[in-house]
Amino acid sequence: MRLASLALLWLAVSAVSNALAQERPVGLREAVPTWHALTGARIVVRPGQVIERGTLILREGRVVAVGAQLPVPPGAREWKLDGATVLPGFIDLASPLGVPASLREPQAAPADPFAEPGPRSNPPPAGAPLTGRSLAARNPMLRAEQQVAAQLEWRADTQAAAAQARRLGFGAVLASPGHGVLRGQGALLALRDESDLKAMVLSATPSQHLGWDTLGAGQMPMSLMGAIALTRQALLDARWQAKQAAAAPNVTPNATLDALAPLLAGRQLAVAQARDEQDLARWTALQREAQLPRLLLQGNGFEYRQLGTLREAGLPLLLPLNFPEAPGLSGDALRQLPLHQLQHWEAAPSNPAWVQQAGLRFAFTATGVAPTQFWPRVRQVIRRGLTPETALAALTTEPAALLGEAQRLGTLEPGRLALLSVHSADPFTQEQAEPLLSMVGDQVHEHAAWLQPDPRGRWRLADGRELRVQGARERAQAKLGDAACQFQQQDALWQLDCGDSLRVSATQQGGQLTGSLALADGSQRPWTAQRLAEAAREARPDAKPEPRPELPQGRYPFGAYALATPPAQAVLLQGATLWTQGPQGRLESADLLLQGGRIAAVGQALPVPEGVERIDARGLHVTPGLIDAHSHIAISRGINEASDVITAEVRVADVLDATDINLYRQLAGGVTASNLLHGSANLMGGQSAVIKLRWGRPAAELLFREAPPSIKFALGENPKQANFGNGTRYPQTRLGIEQLLIDQFQQAADYAAQKDKRRDLRLEALAELLSGQRQIHIHSYRADEMRLFVRLAREWKLKVAAFQHGLEGYKLAADLASIGAGLSTFSDWWGFKAEAEDAVVGNAAMSTRAGVITSLNSDDAELARRLNTEAAKTVRVGGLSETEALDLVTLNPARQLGVAQWVGSLERGKQADVVLWSGPPLSARSRVLATWVDGRKLFDREQDQQLRERDALERERLLAAVRGSAGTPRQELPANASPALQLLLEQALALRHAQHAAHGDYHDGQATHECTQ
């Protein structure tokens, strides 16, 4: 009766089309058994469903039945697996296997210990060029039409890697393009040995892969913000293309855009790679904007640092297992490691458990993990708190469900494809577990541990003596009585040397040894031994928990000076000198009340509300927070999208870097807000972002939401590039700059007049200039080019917030004032390039006297910490009053940025951005004692000392853990070097790490002064 039921079930299963079917063979048919019965095994049908001593029946590449007491069907090959564990085949959703060279991720160059630290570079990948591009997008990073399945590369090294993956337990992989912006379509492959590659393909186009890689040599994108803008525009274009194709049959074909239709309709999984922790938040923002129905975030191991954002987005994650090794450094080089790097070394293995606690779905990828480290990493995450069932799900049912393949893959339920692995024990909990078999469809792969009999146990020799073989299978040790023997095994062949009494070469068949014994005279005689008992199988122990570091609650970013943002405080500063920079002027012995993030009262002898913290500020000075009107801090992976002369579509807000230590350092200099500008390599550069220096908050919370939108333009040598660059980019003259400006304004006007139009992010931003919705900050030096733009601003009715730098602004201050334009300049910089030859130190003062709203800026992360003394120079040189001088870095930049209604002065109702100074703010001897942003104290000199002490203790604890960690440090210094060279190289490594630390615990080390170079 049971056999009849199995026959009916087989008929039902065979009615399903076989995904692994091959074409009709040529010549004789191979009679390979396709009916298998795996008996006596511990069968994990799916996570949480286990059959002890079960039977699994497979036929023609599919599961027919699984159960506890199933009979073996007649004709089926029986695999006796007593004590072994059978698992569903794993699925890796980020595999390079089979991906052609033109679509693979390029290999990074080896690290140079003497190299300057800098941003990650992505050279174009080696190998064949992209194919089939005649109908594709012009930009080489937009390659959505490329299909891995149509151009699989399966070389000998690929075959070897696939065999290694099978030994780990993988039965299928998503072959994933690894380079580009719209990288192309992945292929779901079964890890079979095939000469006909079609037979490996389970699904030809299940996924579209996205990333934010960059190019060089003047091709977009050259920066992260350019890559994001390119992604946004391409997705908009794809929706427009689909709409037009549905309405009109004669639409110009575009294979790249057409290939995105399944993605936008939810028929394809989008797999987006996050290069760093903040890319995770950037992808969630893009997913909301582009309304991508199915997005899988390919993570980087730092997800624990963005759990709040990820929990809110609710997107599934693909988590890596390539945790960092203990730093292979010593001496000064080890001591110079940034704190955040040490913290990540300790925290990374806990990442999956924290992600699970946050309620997020996730799968694992083995990409980037050495095969010998895969199972140790899996067991480590289990010791850190992940259950074995959850770990198994992350390798089976979760990736299958994400691909929409849950009815074919991920479990060993009837009807599923026969993708499975057999291990000698449970590899999730037992280190001694070895791979025995893998089954991929109708193929069976026997591994070394299956082909090579287990020698371990007690053996009775013909002369009555007993031989014991014990220990780990791959390092088994033999003893004859109490004497140790030399033992080697190759497949079933033994070589045993126990001294003069026993030298044997024998073959093992099950529990029988047959061979020859070497005698003292050199002759040999037959020899046999019988196994008395196999080595006792160890019970499966529970994984021993491993101490998990505490996840800092509310503190961000990780590393030095991490801060848990305090709530807005109710504070009364009493008896201070208040530099209000407003109608009240300077008030002596006055009070300032901060409540609810606002300035509640300004005056003398203010009443003390209940519950307010009182600060005795007698002898101290209080000013509004300083505002830097030209900054490039907190921008990730490039401030210039220098690929084109017009890049108005890129946005600084997309690439804010909340981990840049300069945010904290500038709070220590009294800066509370900054205008983050695109660089000046373009005539019309990217859209600016005004931020508050809200250290301790994620990037999205840095934005000064009330600030009106603006954009960065540039005149002169930087955009025309006549004296550098390749000499081919238009324009090469200032005359060309004028004509290109006019042309772009006219294009924007034409675009704005259209009714039903394709969204063009570049022209959209420029059209906002013509409507007055967006204002301009324009890099300029010479009076003639500034006068040119004044004329264009009048003609096109443009809002010019400020001429940036404007070192010759004093020559046409009246013209600037006539169009309401401001001037944001340097205090005393001159002569650093030809355009700066006519600069004068009185520029700011003369422009102020002429009625121009003037500010002083830094254009430099270091100088921004001393904006107060930059302003003080105008008192000495320009004759401004102290109040006028302080206006240059408080109220005036607020007016230029359109935020004077909220900040820039100490007035009732304004946002509580306040600085407490030890003395007069224009004095070089004065220091910032405390800085409030929105009523939150984000810098305090006493608190700073506490943070230093906390971080020093944390560093010493982690360094002790590194020194005490298991394993040998990596050899970064040549072993054969002389002592002098060893010392020199160690000092170079220390210097390299120190340079990273000097740029901040996270900041990527890019120059912050690119605008004027």
# chains A, B, ... in the order shown; residues from 1 in each chain; ligands from 1
>>> residues_around(residues="Ser631 in chain A", least_positions_apart="3", cutoff="6 Å", atoms="only C-alpha atoms", output="list in words")
Asn675, Leu676 and Asp859 of chain A
>>> select_by_dssp(residues="range 42-240 of chain A", states="strand (DSSP E or B)", output="PyMOL selection string")
chain A and resi 42-46+49-59+62-67+77-80+85-88+90-95+142+147+170-175+182-190+201-210
>>> select_by_dssp(residues="range 588-773 of chain A", states="alpha helix (DSSP H)", output="JSON, numbers by chain")
{"A": [662, 663, 664, 665, 666, 667, 717, 718, 719, 720, 734, 735, 736, 737, 738, 739, 740, 741, 742, 743, 744, 745, 746, 747, 748, 749, 750, 751, 752, 753, 761, 762, 763, 764, 765, 766, 767, 768, 769, 770]}
>>> atom_distance(atom1="CA of Pro583 in chain A", atom2="CA of Asp913 in chain A")
17.6 Å
